[in-house]
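These notes are about the structure you will find just below.
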Protein chains: 2
Amino acid sequence: MLRIIDKNIRQSIDYVAKQFGTMRNDIAFSKDRYLIKRGPYAAVADADITHFEKILPSRSQILLGLDETAGYNRDYFKYVRGLSEVVLKPRTTDQLSAILQHCNRRKLALSVYGGNTGVCGGSIPVFDEIVLSLELMNKIESVDEYSGVLVCEAGCILGTLEQKLSEKGMIMPLDLGSKNSCQIGGNLATNAGGIRLMRYGNLHGSVLGLEAVKADGTVVDLMSQFRKDNTGYHLKHLFIGSEGTLGVITRVAIACPASTTTQNVLFLGIEKYESVLRTFLEGKKRLGEILSSCELIDNDALQCCITHAKTYSPIKEYPFYMLIETTGSNAVHDEQKVNDFLEELLVSGLVGDGVVTKDPSKIKDLWQLRERIPDGTFSNNFCLTYDLSLPLNNFYDIVPAMKQRVGHLVKLVCGFGHIGDSNIHLNIAGDELTPEIQRLVDPFVYEFTSKLKGSVSAEHGIGLLKPNYLKYSKTNEAIRIMQQMKAMMDPNGILNPYKVILL
Amino acid sequence: MLRIIDKNIRQSIDYVAKQFGTMRNDIAFSKDRYLIKRGPYAAVADADITHFEKILPSRSQILLGLDETAGYNRDYFKYVRGLSEVVLKPRTTDQLSAILQHCNRRKLALSVYGGNTGVCGGSIPVFDEIVLSLELMNKIESVDEYSGVLVCEAGCILGTLEQKLSEKGMIMPLDLGSKNSCQIGGNLATNAGGIRLMRYGNLHGSVLGLEAVKADGTVVDLMSQFRKDNTGYHLKHLFIGSEGTLGVITRVAIACPASTTTQNVLFLGIEKYESVLRTFLEGKKRLGEILSSCELIDNDALQCCITHAKTYSPIKEYPFYMLIETTGSNAVHDEQKVNDFLEELLVSGLVGDGVVTKDPSKIKDLWQLRERIPDGTFSNNFCLTYDLSLPLNNFYDIVPAMKQRVGHLVKLVCGFGHIGDSNIHLNIAGDELTPEIQRLVDPFVYEFTSKLKGSVSAEHGIGLLKPNYLKYSKTNEAIRIMQQMKAMMDPNGILNPYKVILL
């Protein structure tokens, strides 16, 4: 994915204009880059606003005009900017359904808006679509400590849910850096991953039920609260990961694990990639059920992080580092397991050096060495970042390959990520992003990933920025079924147009 | 679900005739119960057989005539019998695709055949559909111990895969009583649950990728091997649990956990249902990450099992029993955890009596007390069995309610099941299944479940026997989307007709 760091948000609009200008001839921009043709969609009329005012009882549920809507037109990472002049904030599924029914009849396009923390431009309107914000649908309906099931509305903030659960000795099955802004509905819509995925699996496993509203306003109640429910097609999965293009998720039932009470972190220095793999395998065997994270960091990534964050590494320099975390329910047992594991790694020579800690503040320091890497790489004038799933045997190959191609033209090529989930982040950073660098990087990364049957977007989704790259991870036959699915669920294409799948 | 135990398989055909006779007027039976009208489908002609002989190079890949096909026309549990005279056994996806292409063009209906261990009549033809057996597509393609990913063809037997994985210190994420017959493709198609579900989650979480062939022969390659792949709609979930009606699963990539090396089992006697719930909650907290099964057995179920299996209980009689299993990676740690847990339960009075063992033969004995219950209940002249998901607060209410309704007319009403997954099996058994009993039981169980928003088929699926009951767990809107989906994926309705969803 191309991440252009610039202070001039106008360039993002250029990017969008370029993307759609070349793909569709029913969309056009004026010289000052305002949309003048909007494809198959109608423009919002005064009568529409009057209608929305009837549906939404409070004036505060409707924002009108670019001043009022400004916050909803700008994505957090400043890739893109929209020009919507209407934001609607339903409080109930019925209100939301009535809005969609009207929009579908009138062919008014909508952009579904959650916590606006997406990184692929999917979270805000592209042009002047109506923004449908879920923020007022934020009731926690029930928390059942026996079954471990949380039921809530889609607009609940992830961090708020986590806090509520902690009172009952439970945790959310997912955790994200953006937890204090992102909404659970958006988490589902984008099939968000995060650092608990290795332990608790992805949302397709932990979401038990959901309610969604189709483009035509039909409410689809799939609110099962059970792990086992084999009654007909498993429709909920349609909505998980479809980025709001097949329906708007309004309620969620999710299985939440019991809290763990102990935490240990190992930080290891390793000479060869092969030893990284063997260490991971040993970890799965020796730490078994308490293994909760397994991260890889290469030396360039670590040095960049250390310099930028003004921190230090607890061990001397190695080509590779691993951060391995355990969580469990018995402090004595866990400590013994991690200590034995580290000793074995050092004695066998698999690992050159390593430390282990159960001290919360030291754990935080060690995690900083992984989590603050992006702060370091993005402090450069430009940073191209890719979020790839690759087979473990070839997991790191992309980094030396890329160094060979552009190492002499940039300041940094590094790799780091969730090796436990086969998910690597490749960053390429430097002073000036020249066309030569772009040409050497962009098709190569996608083609390299495609050849290894990897994923060109492991966690981040497709959004607005990546529909053209879908073909590198999905076959034509699969894309055709996606298109049929979109046509079936949203025949007028009013939900999140221009995103995920191009019809 | 109605389970009619009889030795006269003709009655099953009566059942099917009755079900379809009343639902469709384009299907009719002759007096000797042979199909004389087959709905929208064509009959297999000699030219079709000639065509199949061109697709399938070996004579052993085609069975013709009722004598040769007999084994494919009878389900394991003898609910139903089909009358197919053609069985096709492709060896490759290409062969399977060519068969479907031809059948779709000719409107020849097919029944997709895996290990034939389904319990809802979904595994064999209803009338004279062509049987498409996956048994020759049984190659294990790869086992990657680093990533934990197994890739294989759909016809692989679950037990064979388990054995192959054990050589590399891994296990399948699911385990079923039928593991030596059932096929992994059928496991996916029916979203099979089983006794590892509580620990490792369901197949929507652990299946990483699959290949499926659509009714028109289109091969859909969704063979990702990654836990993270957010590139477009997550189509693989369409095929998981759709019982072969949307496409034929041909290959699978599945995430497999590392083997555990330790096992402990507790068997507890408990006075009140409320204490059962509190024991479960304590188990989640105290045993945490090593908790792997949590089963409930009521006293009537246990006594029936003991009498039939000529075995004994290690503790005196209680209204309720729980069987709790742990698996882990450190014998000393696990033993200490389970011993501490049992002591706490006894001291607090939550549990009346209990034993714990790590001895493999004693563990087997304890599991028999749960696993052989159905042998006992089905040894009666009739046994009605229901497979329900119900909220834990009302989990056991169905049993006393049913006792009150029919207790005086039957020999046994009992409940047992996977309380850890909110899944209860209700059995009602006796000497003669009278219309009065049927009338008192059948709508009541489904309506009771529906009122609590439970699932009327937790693990077993819908198949042929339950399409009429779908409405108790799914709304009209959801069923309508299922119908649209079926029409989209299989417009001629040739795949597993009369099953799951009625158009």
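The chains in the structure tokens are called A, B, ... from first to last as shown; in each chain the residues are counted from 1, and the ligands are counted from 1 in the order shown.
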Using only C-alpha atoms, which protein or nucleic acid residues come within 12 Å of A:Leu470? Drop anything in the same chain fewer than 4 positions from it, and give the result as number ranges by chain.
A: 1, 446-447, 449-450, 454-458, 461-466, 474-476, 478-480, 482, 499-502; B: 229-233
Determine which residues of chain A sit within 7 Å of chain B, taking into account only C-alpha atoms, and present them as an MDAnalysis selection string.
chainID A and resid 146:147 201:202 204:205 220:221 226:234 237:238 241:242 258 277 281 284:286 288:290 328:329 333 389 392 421:422 455 457:462 470 473 475 477:478 482 500
With C-alpha atoms kept, could you save the residues just selected as a CSV table (one decimal), in the first residue's frame?
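Resulting contents of selection-v7.csv:
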chain,number,residue,atom,x,y,z
A,146,TYR,CA,-21.1,-17.8,32.6
A,147,SER,CA,-21.3,-18.1,28.9
A,201,GLY,CA,-8.3,-16.5,16.9
A,202,ASN,CA,-10.0,-14.1,14.5
A,204,HIS,CA,-15.0,-15.2,12.4
A,205,GLY,CA,-14.4,-17.5,15.3
A,220,VAL,CA,-31.3,-9.1,9.2
A,221,ASP,CA,-31.3,-10.5,12.8
A,226,PHE,CA,-24.0,-19.6,20.8
A,227,ARG,CA,-20.8,-21.2,19.6
A,228,LYS,CA,-22.8,-23.9,17.9
A,229,ASP,CA,-25.7,-23.1,15.6
A,230,ASN,CA,-25.9,-25.1,12.4
A,231,THR,CA,-29.2,-23.9,11.1
A,232,GLY,CA,-28.8,-23.0,7.4
A,233,TYR,CA,-26.1,-20.8,5.8
A,234,HIS,CA,-23.8,-19.0,8.2
A,237,HIS,CA,-19.6,-14.2,8.0
A,238,LEU,CA,-20.8,-12.3,4.9
A,241,GLY,CA,-14.7,-8.2,6.7
A,242,SER,CA,-16.9,-6.8,3.9
A,258,ALA,CA,-11.8,-15.1,30.9
A,277,LEU,CA,11.7,-20.3,12.9
A,281,LEU,CA,8.4,-24.0,17.0
A,284,LYS,CA,4.7,-23.6,20.6
A,285,LYS,CA,5.8,-26.8,22.1
A,286,ARG,CA,7.3,-25.6,25.4
A,288,GLY,CA,2.0,-24.4,24.7
A,289,GLU,CA,-1.2,-22.9,26.0
A,290,ILE,CA,0.3,-19.8,27.6
A,328,GLY,CA,-1.8,-17.4,31.9
A,329,SER,CA,-3.5,-18.1,35.2
A,333,HIS,CA,3.9,-22.1,36.7
A,389,SER,CA,0.9,-12.4,4.9
A,392,LEU,CA,7.0,-18.7,7.1
A,421,ASP,CA,0.4,-15.1,12.4
A,422,SER,CA,2.6,-15.2,9.3
A,455,SER,CA,-2.0,-11.8,1.2
A,457,SER,CA,-3.5,-7.0,2.8
A,458,ALA,CA,-3.2,-9.1,5.9
A,459,GLU,CA,-5.0,-7.0,8.5
A,460,HIS,CA,-5.8,-3.6,6.9
A,461,GLY,CA,-8.4,-4.5,4.3
A,462,ILE,CA,-9.1,-3.0,0.9
A,470,LEU,CA,-7.3,-7.4,-5.0
A,473,SER,CA,-4.6,-12.2,-3.7
A,475,THR,CA,-8.7,-15.2,-8.5
A,477,GLU,CA,-13.6,-16.4,-10.2
A,478,ALA,CA,-13.5,-15.3,-6.6
A,482,MET,CA,-17.9,-11.0,-4.8
A,500,VAL,CA,-13.5,-2.9,-1.8
Fewer than 5 positions away in the same chain doesn't count, so skip those; otherwise give me all residues within 8 Å of B:Val276, counting only C-alpha atoms, as a VMD selection string.
chain B and resid 270 320 322
Find, counting only C-alpha atoms, the residue in B:Ala42, B:Thr160, B:Asp94, B:Val248 that gets nearest to B:Asn496.
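The answer is B:Val248, which sits nearest to B:Asn496.
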Expected answer as number ranges by chain: strand (DSSP E) residues in stretch 179-222 of chain B:
B: 207-213, 219-222
Just to be explicit: take each residue in the selection above, keep N, CA and C atoms, and write the result as an mmCIF file, in the first residue's frame.
data_model
loop_
_atom_site.group_PDB
_atom_site.id
_atom_site.type_symbol
_atom_site.label_atom_id
_atom_site.label_comp_id
_atom_site.auth_asym_id
_atom_site.auth_seq_id
_atom_site.Cartn_x
_atom_site.Cartn_y
_atom_site.Cartn_z
ATOM 1 N N VAL B 207 -10.348 -22.951 9.736
ATOM 2 C CA VAL B 207 -10.126 -23.163 8.296
ATOM 3 C C VAL B 207 -9.525 -21.892 7.701
ATOM 4 N N LEU B 208 -8.355 -22.031 7.091
ATOM 5 C CA LEU B 208 -7.665 -20.867 6.538
ATOM 6 C C LEU B 208 -8.029 -20.649 5.081
ATOM 7 N N GLY B 209 -8.297 -21.739 4.391
ATOM 8 C CA GLY B 209 -8.612 -21.609 2.981
ATOM 9 C C GLY B 209 -9.272 -22.868 2.482
ATOM 10 N N LEU B 210 -9.919 -22.748 1.347
ATOM 11 C CA LEU B 210 -10.498 -23.932 0.731
ATOM 12 C C LEU B 210 -10.650 -23.707 -0.766
ATOM 13 N N GLU B 211 -10.829 -24.817 -1.468
ATOM 14 C CA GLU B 211 -11.158 -24.771 -2.889
ATOM 15 C C GLU B 211 -12.535 -25.398 -3.018
ATOM 16 N N ALA B 212 -13.410 -24.784 -3.780
ATOM 17 C CA ALA B 212 -14.747 -25.350 -3.975
ATOM 18 C C ALA B 212 -15.104 -25.248 -5.444
ATOM 19 N N VAL B 213 -15.983 -26.124 -5.875
ATOM 20 C CA VAL B 213 -16.458 -26.086 -7.255
ATOM 21 C C VAL B 213 -17.935 -25.728 -7.233
ATOM 22 N N VAL B 219 -14.295 -23.565 -10.795
ATOM 23 C CA VAL B 219 -13.440 -23.853 -9.643
ATOM 24 C C VAL B 219 -13.145 -22.535 -8.924
ATOM 25 N N VAL B 220 -13.471 -22.466 -7.644
ATOM 26 C CA VAL B 220 -13.225 -21.251 -6.866
ATOM 27 C C VAL B 220 -12.063 -21.528 -5.923
ATOM 28 N N ASP B 221 -10.912 -20.944 -6.234
ATOM 29 C CA ASP B 221 -9.698 -21.172 -5.452
ATOM 30 C C ASP B 221 -9.609 -20.138 -4.337
ATOM 31 N N LEU B 222 -9.864 -20.562 -3.115
ATOM 32 C CA LEU B 222 -9.767 -19.677 -1.939
ATOM 33 C C LEU B 222 -8.757 -20.269 -0.969
#
Figure out the distance between atom CA of A:Gln95 and atom CA of A:Ala43, please, to one decimal in Å.
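A separation of 21.1 Å between them.
Going from atom CA of A:Ser142 over to atom CA of B:Leu426, you cover 27.3 Å.
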Please return as a list in words: the residues of stretch 128-190 of chain B that backbone DSSP assigns to helix (DSSP H, G or I).
Leu158, Gly159, Thr160, Leu161, Glu162, Gln163, Lys164, Leu165, Ser166, Ile184, Gly185, Gly186, Asn187, Leu188 and Ala189 of chain B
Since we have the selection now, will you write its residues out, keeping all heavy atoms, as an mmCIF file, in the first residue's frame?
data_model
loop_
_atom_site.group_PDB
_atom_site.id
_atom_site.type_symbol
_atom_site.label_atom_id
_atom_site.label_comp_id
_atom_site.auth_asym_id
_atom_site.auth_seq_id
_atom_site.Cartn_x
_atom_site.Cartn_y
_atom_site.Cartn_z
ATOM 1 N N LEU B 158 -10.814 -37.897 8.567
ATOM 2 C CA LEU B 158 -10.338 -37.096 9.708
ATOM 3 C C LEU B 158 -9.290 -37.844 10.536
ATOM 4 O O LEU B 158 -8.246 -37.282 10.898
ATOM 5 C CB LEU B 158 -11.534 -36.701 10.580
ATOM 6 C CG LEU B 158 -11.239 -35.878 11.839
ATOM 7 C CD1 LEU B 158 -10.576 -34.558 11.495
ATOM 8 C CD2 LEU B 158 -12.518 -35.631 12.643
ATOM 9 N N GLY B 159 -9.538 -39.128 10.818
ATOM 10 C CA GLY B 159 -8.610 -39.909 11.643
ATOM 11 C C GLY B 159 -7.242 -40.070 10.979
ATOM 12 O O GLY B 159 -6.202 -40.092 11.653
ATOM 13 N N THR B 160 -7.238 -40.190 9.645
ATOM 14 C CA THR B 160 -5.978 -40.309 8.908
ATOM 15 C C THR B 160 -5.165 -39.018 9.034
ATOM 16 O O THR B 160 -3.943 -39.046 9.211
ATOM 17 C CB THR B 160 -6.269 -40.582 7.408
ATOM 18 O OG1 THR B 160 -7.198 -41.668 7.324
ATOM 19 C CG2 THR B 160 -5.004 -40.898 6.647
ATOM 20 N N LEU B 161 -5.857 -37.907 8.970
ATOM 21 C CA LEU B 161 -5.175 -36.615 9.114
ATOM 22 C C LEU B 161 -4.598 -36.482 10.518
ATOM 23 O O LEU B 161 -3.459 -36.043 10.698
ATOM 24 C CB LEU B 161 -6.153 -35.464 8.835
ATOM 25 C CG LEU B 161 -6.753 -35.424 7.422
ATOM 26 C CD1 LEU B 161 -7.797 -34.307 7.313
ATOM 27 C CD2 LEU B 161 -5.650 -35.208 6.371
ATOM 28 N N GLU B 162 -5.390 -36.870 11.501
ATOM 29 C CA GLU B 162 -4.946 -36.801 12.897
ATOM 30 C C GLU B 162 -3.648 -37.604 13.081
ATOM 31 O O GLU B 162 -2.698 -37.150 13.721
ATOM 32 C CB GLU B 162 -6.059 -37.357 13.797
ATOM 33 C CG GLU B 162 -5.773 -37.338 15.283
ATOM 34 C CD GLU B 162 -5.917 -35.961 15.917
ATOM 35 O OE1 GLU B 162 -6.528 -35.075 15.316
ATOM 36 O OE2 GLU B 162 -5.375 -35.787 17.021
ATOM 37 N N GLN B 163 -3.635 -38.784 12.480
ATOM 38 C CA GLN B 163 -2.471 -39.664 12.597
ATOM 39 C C GLN B 163 -1.242 -39.038 11.933
ATOM 40 O O GLN B 163 -0.155 -39.011 12.501
ATOM 41 C CB GLN B 163 -2.806 -40.977 11.898
ATOM 42 C CG GLN B 163 -2.052 -42.160 12.440
ATOM 43 C CD GLN B 163 -2.615 -43.465 11.859
ATOM 44 O OE1 GLN B 163 -3.625 -43.468 11.149
ATOM 45 N NE2 GLN B 163 -1.955 -44.569 12.163
ATOM 46 N N LYS B 164 -1.440 -38.498 10.745
ATOM 47 C CA LYS B 164 -0.344 -37.849 10.010
ATOM 48 C C LYS B 164 0.208 -36.675 10.826
ATOM 49 O O LYS B 164 1.436 -36.491 10.915
ATOM 50 C CB LYS B 164 -0.879 -37.350 8.660
ATOM 51 C CG LYS B 164 0.128 -36.633 7.798
ATOM 52 C CD LYS B 164 1.028 -37.599 7.089
ATOM 53 C CE LYS B 164 2.078 -36.871 6.244
ATOM 54 N NZ LYS B 164 2.988 -37.824 5.608
ATOM 55 N N LEU B 165 -0.667 -35.900 11.416
ATOM 56 C CA LEU B 165 -0.234 -34.737 12.186
ATOM 57 C C LEU B 165 0.536 -35.147 13.433
ATOM 58 O O LEU B 165 1.474 -34.466 13.843
ATOM 59 C CB LEU B 165 -1.439 -33.884 12.602
ATOM 60 C CG LEU B 165 -2.142 -33.095 11.503
ATOM 61 C CD1 LEU B 165 -3.405 -32.446 12.057
ATOM 62 C CD2 LEU B 165 -1.228 -32.028 10.920
ATOM 63 N N SER B 166 0.126 -36.263 14.038
ATOM 64 C CA SER B 166 0.752 -36.665 15.299
ATOM 65 C C SER B 166 2.245 -36.927 15.104
ATOM 66 O O SER B 166 3.040 -36.740 16.012
ATOM 67 C CB SER B 166 0.046 -37.889 15.885
ATOM 68 O OG SER B 166 0.368 -39.040 15.130
ATOM 69 N N ILE B 184 -12.845 -34.766 5.869
ATOM 70 C CA ILE B 184 -12.649 -33.365 6.255
ATOM 71 C C ILE B 184 -13.542 -32.439 5.426
ATOM 72 O O ILE B 184 -14.048 -31.431 5.933
ATOM 73 C CB ILE B 184 -11.144 -32.963 6.159
ATOM 74 C CG1 ILE B 184 -10.907 -31.570 6.735
ATOM 75 C CG2 ILE B 184 -10.626 -33.038 4.723
ATOM 76 C CD1 ILE B 184 -11.070 -31.473 8.227
ATOM 77 N N GLY B 185 -13.775 -32.775 4.171
ATOM 78 C CA GLY B 185 -14.667 -31.952 3.345
ATOM 79 C C GLY B 185 -16.077 -31.937 3.907
ATOM 80 O O GLY B 185 -16.724 -30.886 3.974
ATOM 81 N N GLY B 186 -16.535 -33.099 4.350
ATOM 82 C CA GLY B 186 -17.852 -33.187 4.983
ATOM 83 C C GLY B 186 -17.872 -32.459 6.318
ATOM 84 O O GLY B 186 -18.869 -31.825 6.683
ATOM 85 N N ASN B 187 -16.765 -32.529 7.049
ATOM 86 C CA ASN B 187 -16.670 -31.786 8.311
ATOM 87 C C ASN B 187 -16.875 -30.293 8.058
ATOM 88 O O ASN B 187 -17.612 -29.627 8.785
ATOM 89 C CB ASN B 187 -15.298 -31.971 8.970
ATOM 90 C CG ASN B 187 -14.985 -33.405 9.366
ATOM 91 O OD1 ASN B 187 -13.834 -33.791 9.419
ATOM 92 N ND2 ASN B 187 -16.012 -34.212 9.620
ATOM 93 N N LEU B 188 -16.221 -29.783 7.010
ATOM 94 C CA LEU B 188 -16.381 -28.361 6.686
ATOM 95 C C LEU B 188 -17.805 -28.073 6.210
ATOM 96 O O LEU B 188 -18.424 -27.092 6.631
ATOM 97 C CB LEU B 188 -15.400 -27.932 5.592
ATOM 98 C CG LEU B 188 -14.098 -27.309 6.062
ATOM 99 C CD1 LEU B 188 -13.227 -28.337 6.760
ATOM 100 C CD2 LEU B 188 -13.350 -26.684 4.897
ATOM 101 N N ALA B 189 -18.298 -28.932 5.329
ATOM 102 C CA ALA B 189 -19.610 -28.682 4.735
ATOM 103 C C ALA B 189 -20.695 -28.638 5.797
ATOM 104 O O ALA B 189 -21.682 -27.923 5.662
ATOM 105 C CB ALA B 189 -19.930 -29.746 3.695
#
Counting only C-alpha atoms, the residue of B:Ser60, B:Asn380, B:Asn427, B:Thr92 that sits nearest B:Ile297
B:Asn427
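The coordinates place atom CA of B:Ala487 at 29.2 Å from atom CA of B:Leu136.
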Who sits within 10 Å of stretch 400-414 of chain B, only C-alpha atoms, same chain under 2 positions skipped, as a PyMOL selection string
chain B and resi 297-302+304+373+377+380+382-385+396-398+416+425-434+436-438+440-441+444-445+448
Serialized selection, N, CA and C atoms, as a compact mmCIF listing (two decimals), in the first residue's frame:
# COMPACT_ATOMS: atom_id res chain seq x y z
N ILE B 297 -23.98 -33.95 32.88
CA ILE B 297 -24.75 -35.19 32.77
C ILE B 297 -25.78 -35.17 33.88
N ASP B 298 -27.06 -35.42 33.59
CA ASP B 298 -27.99 -35.50 34.72
C ASP B 298 -28.08 -36.95 35.21
N ASN B 299 -28.71 -37.13 36.35
CA ASN B 299 -28.65 -38.45 36.98
C ASN B 299 -29.37 -39.52 36.16
N ASP B 300 -30.50 -39.16 35.53
CA ASP B 300 -31.20 -40.15 34.71
C ASP B 300 -30.32 -40.61 33.55
N ALA B 301 -29.60 -39.69 32.95
CA ALA B 301 -28.70 -40.04 31.84
C ALA B 301 -27.59 -40.96 32.34
N LEU B 302 -27.02 -40.61 33.50
CA LEU B 302 -25.91 -41.43 34.01
C LEU B 302 -26.38 -42.84 34.37
N CYS B 304 -28.87 -44.50 33.19
CA CYS B 304 -29.17 -45.23 31.95
C CYS B 304 -27.88 -45.75 31.32
N ILE B 373 -23.72 -42.64 26.90
CA ILE B 373 -25.13 -42.34 27.22
C ILE B 373 -26.06 -42.64 26.03
N THR B 377 -29.63 -44.73 25.91
CA THR B 377 -30.96 -44.18 25.61
C THR B 377 -31.53 -44.81 24.33
N ASN B 380 -33.61 -48.29 23.99
CA ASN B 380 -35.06 -48.37 24.14
C ASN B 380 -35.73 -48.56 22.77
N PHE B 382 -37.92 -46.74 21.31
CA PHE B 382 -37.79 -45.48 20.56
C PHE B 382 -37.01 -44.49 21.40
N CYS B 383 -36.37 -43.58 20.73
CA CYS B 383 -35.68 -42.49 21.44
C CYS B 383 -35.75 -41.24 20.58
N LEU B 384 -36.39 -40.22 21.11
CA LEU B 384 -36.40 -38.93 20.42
C LEU B 384 -35.21 -38.14 20.95
N THR B 385 -34.39 -37.60 20.05
CA THR B 385 -33.22 -36.87 20.52
C THR B 385 -33.17 -35.49 19.89
N TYR B 396 -30.94 -26.04 31.47
CA TYR B 396 -31.49 -27.32 31.87
C TYR B 396 -33.02 -27.31 32.00
N ASP B 397 -33.64 -26.11 31.89
CA ASP B 397 -35.09 -25.98 32.10
C ASP B 397 -35.91 -26.90 31.22
N ILE B 398 -35.41 -27.18 30.03
CA ILE B 398 -36.17 -28.00 29.08
C ILE B 398 -36.42 -29.41 29.64
N PHE B 416 -28.08 -34.09 28.75
CA PHE B 416 -26.63 -34.15 28.93
C PHE B 416 -26.02 -33.37 27.78
N HIS B 425 -28.09 -32.05 24.85
CA HIS B 425 -28.82 -33.10 24.15
C HIS B 425 -29.96 -33.54 25.05
N LEU B 426 -31.17 -33.43 24.53
CA LEU B 426 -32.37 -33.87 25.26
C LEU B 426 -32.82 -35.19 24.65
N ASN B 427 -32.95 -36.22 25.48
CA ASN B 427 -33.42 -37.53 25.00
C ASN B 427 -34.72 -37.92 25.70
N ILE B 428 -35.63 -38.44 24.91
CA ILE B 428 -36.90 -38.92 25.45
C ILE B 428 -37.10 -40.34 24.90
N ALA B 429 -37.12 -41.32 25.79
CA ALA B 429 -37.11 -42.70 25.30
C ALA B 429 -38.17 -43.54 25.99
N GLY B 430 -38.61 -44.60 25.33
CA GLY B 430 -39.63 -45.47 25.92
C GLY B 430 -39.94 -46.67 25.05
N ASP B 431 -41.07 -47.28 25.34
CA ASP B 431 -41.43 -48.51 24.65
C ASP B 431 -42.16 -48.27 23.34
N GLU B 432 -43.10 -47.34 23.35
CA GLU B 432 -43.87 -47.13 22.13
C GLU B 432 -44.05 -45.64 21.88
N LEU B 433 -43.70 -45.23 20.69
CA LEU B 433 -43.84 -43.82 20.34
C LEU B 433 -45.26 -43.57 19.84
N THR B 434 -46.11 -43.11 20.75
CA THR B 434 -47.51 -42.90 20.38
C THR B 434 -47.69 -41.50 19.78
N GLU B 436 -49.68 -39.38 20.76
CA GLU B 436 -49.82 -38.44 21.89
C GLU B 436 -48.45 -37.92 22.33
N ILE B 437 -47.51 -38.83 22.46
CA ILE B 437 -46.16 -38.41 22.86
C ILE B 437 -45.58 -37.45 21.81
N GLN B 438 -45.68 -37.85 20.56
CA GLN B 438 -45.15 -37.00 19.49
C GLN B 438 -45.75 -35.60 19.56
N LEU B 440 -47.06 -34.09 22.09
CA LEU B 440 -46.66 -33.34 23.29
C LEU B 440 -45.21 -32.86 23.21
N VAL B 441 -44.40 -33.57 22.44
CA VAL B 441 -42.97 -33.25 22.40
C VAL B 441 -42.62 -32.28 21.28
N PHE B 444 -43.35 -28.42 20.96
CA PHE B 444 -42.96 -27.80 22.22
C PHE B 444 -41.45 -27.54 22.29
N VAL B 445 -40.65 -28.55 21.97
CA VAL B 445 -39.19 -28.39 22.06
C VAL B 445 -38.71 -27.24 21.17
N PHE B 448 -40.03 -23.84 22.54
CA PHE B 448 -39.28 -23.52 23.75
C PHE B 448 -37.91 -22.94 23.38
Would you list the contacts of B:Arg106 as a ChimeraX atom specification, taking every protein, DNA or RNA residue within 12 Å and counting only C-alpha atoms, but skipping same-chain residues closer than 3 positions in sequence?
/B:40-45,47-48,51,99-103,109-110,215-216,492-494
Option closest in space to B:Ser379, from B:Ser111, B:Pro319, B:Ser348, B:His308 [counting only C-alpha atoms]
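Of the candidates, the smallest distance to B:Ser379 is held by B:His308.
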